[in-house]
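A quick write-up on the structure given underneath.
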Amino acid sequence: MEHYWQEISALTMRWVRRLSREKFSMLFTLVQPMLFWLIFFGNLFQRAADTQVMQAPNYISFLAAGVVVMTVLNNGLAGGVDLLFDKENGFLERLMSTPIHRTSVILSRFIFVMAITSMQVLVILGVSYLFGVHPATGILGVATILLIGMMFGVGLTAISMAMAFSVKSHGDFFSVLGFLSLPMIFLSSALVPLSAMPGWMSFLAQFNPMTWAIDAVRPLILSGWTEALPHVGMVILVMLVFDALCLYGGAKAFRRAMG
Amino acid sequence: MDRTIAIDVNRLCKTYDSHKAVDDLSFQVYAGEIFGLLGPNGAGKSTTLRTLITLLHPTSGTASILGHDTVRDADTVRTLIGYVPQERAIDRFLTGREHLQLLGALYHLSKDEATKRINELLKLVDLENHADRPAKTYSGGMKRKLDIACGLLPNPKILFLDEPTLGLDVQSRLRIWEYVRMLKARGMTVVMTTNYLDEADQLCDRLAIIDGGKIKTLGSPVELKIALGGDIVSLTLKEADRIPSLEIELKGRPAIKSVRTTTKGLDIRVESPEKALPAILDTANRLGCSIEFIQYNRPRLDDVFIAHTGRAITESIPETESAS
Ligand SMILES: Nc1ncnc2c1ncn2[C@@H]1O[C@H](COP(=O)(O)OP(=O)(O)OP(=O)(O)O)[C@@H](O)[C@H]1O
Ligand SMILES: [Mg+2]
């Protein structure tokens, strides 16, 4: 157990060090591009957005939930990239030839991705706060938003890692990534509510776990506990199933790649 | 000779899809020796090594390291070995020291023990002055040295080196050969792959030539060369008409294995040059043959390689293109 902890903290420290050395990606991590979404589109579509459709005082407050979940999506789907590079340059092999628990590398990656994601979610909520979006459910609501984000993030990171372990080249990885993330965003309630979508779109969006996450996060920000609670309960169920599926697939891919 | 067996490989096979990368390998590595796997690109050297260090599961057959099976006792095996991969497995953003610190934690060393070993190793591979620079600023040779230091950090019983000198300049190669000999002198068992004949010849106590996933021959470099049929002494005679009588006289002498006439003289295969050369010169003198030119060739490992694989190591392997 003590060994396990020693391995995981050393491996997690490595991810932190790498990030701190990559000046450019550090900048992008802090000044999350998602922030631009919030500020830019939030203000741009301010007038176009119909408050009747949004059920929100302004578009920024509507968008906040979507941007939080999109951040989780992006971080999660990109979570396996560093493992992909480790696999390609042989570093992973070096790590796996040491007497570490077979899950340590993966677990360290989960911890790191979840920590970074939480930080970004907090930054986004903080910036929204400056724009006058005050979460209706308070600190407990923010904690619930983080929990939902984590649950969604674990599954996404598992998908990303599964892809990293199964693809032949990193070109493949990034094509699949692009192929996955855009429809996930557009076929969800991130940018417009389901009620404002064409029928076929809102139908497809119902099968998108992202929709469920947003539908729970949004009332936590906008309305309050009475409206949010049923959605929160539901999303936790959905995410448990989603995570179980993703972790199962991830474990399978990992075992295939690592013997 | 009765020696402790460090590695026992028994009918090892590894198949990728339908392609047999390693095909029924059996060999043993003795404790304390430098054992080489020599073969052209794609011969299956790295695959064999990866199986031994528990990263690959054999399709069939077994391998054991100091008595521990690489599949069933993988955890134990991993505590006994050090590995230096073929690719420079370096994290560009970490410094040399951070690489070693990370591995120190993965081998569960205490902080003090790790610091002590890391300083020793940095000195050993001559990276002390560069230890705190990110590895992306290292030259190829420095990266290789760091790689080797990483492999040595656990103070392994057996060190696995996959093409340790690939792409290095002559000086760095000689340095690495020196390290490897020094490790052997300290009692370490070293298993290395190479596709350099001179490296195998000079460094390895014993080697296996593998090609197409199979062992073609195995032995010490000297044994392998002798097995080819010994050294060759080529004589050029002043008077060509004396050739037949000299041939008859030389045939069947103790140190001489075979005699073959060439256009201007004789090619004589000899067992040991110390005994054969005086005998040849004596006989020629006695018969009054005056020798114009005498040349003595040891078979090189190249000849061994060609004899067993049917081609030179530099020629590319006729591999069927696999769809990717
Ligand atoms: N992951 C893999 N998937 C499919 N085929 C593989 C894989 N790894 C190796 N091979 C194939 O197995 C064979 C042996 O490869 P291996 O890497 O062991 O050769 P090698 O002797 O180390 O060659 P080199 O000198 O180029 O390093 C090759 O034909 C290679 O194409
Ligand atoms: Mg190789």
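Starting from 1 in every chain, residues are counted up; chains themselves are A, B, ... following the order of the structure tokens, and ligands are numbered from 1 as listed.
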
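Selecting strand (DSSP E or B) from the backbone DSSP output for range 25-106 of chain B yields Leu25, Ser26, Phe27, Gln28, Val29, Tyr30, Ile34, Phe35, Gly36, Leu37, Leu38, Ser60, Gly61, Thr62, Ala63, Ser64, Ile65, His68, Asp69, Ile81, Gly82, Tyr83, Val84 and Thr95 of chain B.
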
- Query: Quick one: which residues from chain A are at most 6 Å off chain B, using only C-alpha atoms, as a PyMOL selection string?
  - Reply: chain A and resi 7+10+18+89-91+98-100+259

Which residues of chain B come within 6 Å of ligand 1, and for each one, what is the closest pair of atoms and their distance in Å to one decimal, counting only C-alpha atoms and all ligand atoms, sorted by chain and residue number, as JSON lines?
{"residue": "B:Tyr16", "atom": "CA", "partner": "ligand 1", "partner_atom_place_in_ligand_line": "4 (C)", "distance": 4.9}
{"residue": "B:Ala21", "atom": "CA", "partner": "ligand 1", "partner_atom_place_in_ligand_line": "12 (O)", "distance": 4.1}
{"residue": "B:Pro40", "atom": "CA", "partner": "ligand 1", "partner_atom_place_in_ligand_line": "25 (O)", "distance": 5.5}
{"residue": "B:Asn41", "atom": "CA", "partner": "ligand 1", "partner_atom_place_in_ligand_line": "25 (O)", "distance": 3.4}
{"residue": "B:Gly42", "atom": "CA", "partner": "ligand 1", "partner_atom_place_in_ligand_line": "19 (O)", "distance": 3.4}
{"residue": "B:Ala43", "atom": "CA", "partner": "ligand 1", "partner_atom_place_in_ligand_line": "21 (O)", "distance": 3.7}
{"residue": "B:Gly44", "atom": "CA", "partner": "ligand 1", "partner_atom_place_in_ligand_line": "18 (O)", "distance": 3.1}
{"residue": "B:Lys45", "atom": "CA", "partner": "ligand 1", "partner_atom_place_in_ligand_line": "21 (O)", "distance": 3.6}
{"residue": "B:Ser46", "atom": "CA", "partner": "ligand 1", "partner_atom_place_in_ligand_line": "22 (O)", "distance": 3.6}
{"residue": "B:Thr47", "atom": "CA", "partner": "ligand 1", "partner_atom_place_in_ligand_line": "18 (O)", "distance": 3.6}

- Any idea what's packed within 6 Å of range 7-14 of chain B, counting only C-alpha atoms, ignoring anything in its chain fewer than 2 positions away? Could you give it as JSON, numbers by chain? {"B": [5, 21, 22, 23, 24, 25, 26, 27, 28, 29, 58, 59, 60, 61, 62, 63, 64, 65, 66]}

- Nearest to Asp86 in chain A, restricted to only C-alpha atoms and choosing among A:Ile214, A:Leu245, A:Val105, A:Ala228, comes out as A:Val105

- Item | Nearest to ligand 2 by atom-to-atom distance, counting only C-alpha atoms and all ligand atoms, from B:Asp126, B:Met188, B:Ile210, B:Cys204 |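 Smallest separation from ligand 2 among the options: B:Ile210.
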
- Query: Which residue gives the smallest distance to ligand 2 among B:Leu121, B:Leu166, B:Glu128, B:Ala149, with only C-alpha atoms and all ligand atoms counted?
  - Reply: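 The answer is B:Leu166, which sits nearest to ligand 2.
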
- Item | Atom pair CA of Ala6 in chain B / CA of Arg173 in chain B: separation (Å) |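 Distance between the two atoms: 26.2 Å.
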
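If you look at CA of Asp231 in chain B and CA of Tyr30 in chain B, they are 28.3 Å away from each other.
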
- Which is closer to ligand 2 than all the others in B:Gly141, B:Phe35, B:Asp302, B:Gly213, using only C-alpha atoms and all ligand atoms?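 Of B:Gly141, B:Phe35, B:Asp302, B:Gly213, the one nearest ligand 2, counting only C-alpha atoms and all ligand atoms, is B:Gly213.
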
- Query: Which distance in Å separates CA of Thr48 in chain B and atom 1 (Mg, counted along the ligand's line) of ligand 2, to one decimal?
  - Reply: 9.1 Å

- Query: If we count only C-alpha atoms, what is near range 135-143 of chain A at a cut-off of 7 Å, once residues fewer than 2 positions away on the same chain are taken out, given as a ChimeraX atom specification?
  - Reply: /A:133,145-147,220-225

- Item | Which residue of B:Thr70, B:Ser18, B:Thr194, B:Ser139 approaches ligand 2 most closely, using only C-alpha atoms and all ligand atoms | B:Thr194

- Query: What lies within 12 Å of Asp205 in chain B using only C-alpha atoms, ignoring chain neighbours under 4 positions off, as a list in words?
  - Reply: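 Once the adjacent positions are removed, what remains is Val29, Tyr30, Ala31, Gly32, Glu33, Ile34, Phe35, Gly36, Leu37, Val180, Arg181, Lys184, Thr189, Val190, Val191, Met192, Glu199, Ala200, Asp201, Leu218, Gly219, Ser220, Pro221, Val222, Glu223 and Leu224 of chain B.
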
Just-selected residues, N, CA and C atoms written as an mmCIF file, in the first residue's frame:
data_model
loop_
_atom_site.group_PDB
_atom_site.id
_atom_site.type_symbol
_atom_site.label_atom_id
_atom_site.label_comp_id
_atom_site.auth_asym_id
_atom_site.auth_seq_id
_atom_site.Cartn_x
_atom_site.Cartn_y
_atom_site.Cartn_z
ATOM 1 N N VAL B 29 21.132 -18.521 -20.502
ATOM 2 C CA VAL B 29 22.150 -17.516 -20.242
ATOM 3 C C VAL B 29 22.730 -17.829 -18.875
ATOM 4 N N TYR B 30 24.062 -17.882 -18.787
ATOM 5 C CA TYR B 30 24.697 -18.185 -17.515
ATOM 6 C C TYR B 30 24.885 -16.926 -16.690
ATOM 7 N N ALA B 31 24.874 -17.113 -15.379
ATOM 8 C CA ALA B 31 25.090 -15.973 -14.482
ATOM 9 C C ALA B 31 26.479 -15.397 -14.718
ATOM 10 N N GLY B 32 26.545 -14.086 -14.793
ATOM 11 C CA GLY B 32 27.830 -13.415 -14.885
ATOM 12 C C GLY B 32 28.398 -13.264 -16.281
ATOM 13 N N GLU B 33 27.665 -13.704 -17.288
ATOM 14 C CA GLU B 33 28.212 -13.550 -18.637
ATOM 15 C C GLU B 33 27.521 -12.410 -19.394
ATOM 16 N N ILE B 34 28.153 -12.012 -20.487
ATOM 17 C CA ILE B 34 27.522 -11.080 -21.412
ATOM 18 C C ILE B 34 26.996 -11.914 -22.562
ATOM 19 N N PHE B 35 25.682 -11.945 -22.676
ATOM 20 C CA PHE B 35 25.071 -12.786 -23.702
ATOM 21 C C PHE B 35 24.495 -11.881 -24.787
ATOM 22 N N GLY B 36 24.785 -12.196 -26.022
ATOM 23 C CA GLY B 36 24.325 -11.344 -27.108
ATOM 24 C C GLY B 36 23.293 -12.024 -27.994
ATOM 25 N N LEU B 37 22.336 -11.229 -28.458
ATOM 26 C CA LEU B 37 21.425 -11.687 -29.500
ATOM 27 C C LEU B 37 21.776 -10.881 -30.737
ATOM 28 N N VAL B 180 29.899 -1.834 -20.000
ATOM 29 C CA VAL B 180 29.327 -3.177 -19.965
ATOM 30 C C VAL B 180 30.351 -4.165 -19.398
ATOM 31 N N ARG B 181 31.600 -4.018 -19.795
ATOM 32 C CA ARG B 181 32.636 -4.913 -19.250
ATOM 33 C C ARG B 181 32.797 -4.708 -17.759
ATOM 34 N N LYS B 184 30.036 -6.385 -15.906
ATOM 35 C CA LYS B 184 30.296 -7.812 -15.839
ATOM 36 C C LYS B 184 31.323 -8.092 -14.744
ATOM 37 N N THR B 189 24.928 -9.958 -14.757
ATOM 38 C CA THR B 189 24.674 -10.675 -15.996
ATOM 39 C C THR B 189 24.101 -9.672 -16.991
ATOM 40 N N VAL B 190 24.603 -9.682 -18.206
ATOM 41 C CA VAL B 190 24.132 -8.722 -19.188
ATOM 42 C C VAL B 190 23.601 -9.457 -20.413
ATOM 43 N N VAL B 191 22.388 -9.121 -20.821
ATOM 44 C CA VAL B 191 21.845 -9.648 -22.068
ATOM 45 C C VAL B 191 21.672 -8.465 -23.004
ATOM 46 N N MET B 192 22.274 -8.533 -24.162
ATOM 47 C CA MET B 192 22.163 -7.400 -25.082
ATOM 48 C C MET B 192 21.839 -7.869 -26.495
ATOM 49 N N GLU B 199 30.607 -5.514 -32.446
ATOM 50 C CA GLU B 199 30.177 -5.393 -31.057
ATOM 51 C C GLU B 199 29.968 -6.772 -30.440
ATOM 52 N N ALA B 200 29.263 -7.618 -31.175
ATOM 53 C CA ALA B 200 29.006 -8.966 -30.682
ATOM 54 C C ALA B 200 30.332 -9.689 -30.473
ATOM 55 N N ASP B 201 31.242 -9.519 -31.417
ATOM 56 C CA ASP B 201 32.520 -10.218 -31.399
ATOM 57 C C ASP B 201 33.358 -9.806 -30.194
ATOM 58 N N LEU B 218 24.627 -20.850 -31.914
ATOM 59 C CA LEU B 218 24.855 -20.276 -30.597
ATOM 60 C C LEU B 218 26.210 -20.739 -30.073
ATOM 61 N N GLY B 219 26.957 -19.829 -29.509
ATOM 62 C CA GLY B 219 28.247 -20.193 -28.922
ATOM 63 C C GLY B 219 29.075 -18.960 -28.668
ATOM 64 N N SER B 220 30.311 -19.173 -28.196
ATOM 65 C CA SER B 220 31.193 -18.018 -28.022
ATOM 66 C C SER B 220 31.678 -17.607 -29.405
ATOM 67 N N PRO B 221 32.057 -16.353 -29.574
ATOM 68 C CA PRO B 221 32.520 -15.924 -30.893
ATOM 69 C C PRO B 221 33.632 -16.821 -31.430
ATOM 70 N N VAL B 222 34.562 -17.196 -30.560
ATOM 71 C CA VAL B 222 35.669 -18.059 -30.999
ATOM 72 C C VAL B 222 35.149 -19.422 -31.460
ATOM 73 N N GLU B 223 34.268 -20.001 -30.649
ATOM 74 C CA GLU B 223 33.701 -21.310 -31.016
ATOM 75 C C GLU B 223 33.009 -21.237 -32.373
ATOM 76 N N LEU B 224 32.252 -20.164 -32.541
ATOM 77 C CA LEU B 224 31.490 -20.059 -33.791
ATOM 78 C C LEU B 224 32.432 -19.977 -34.983
#
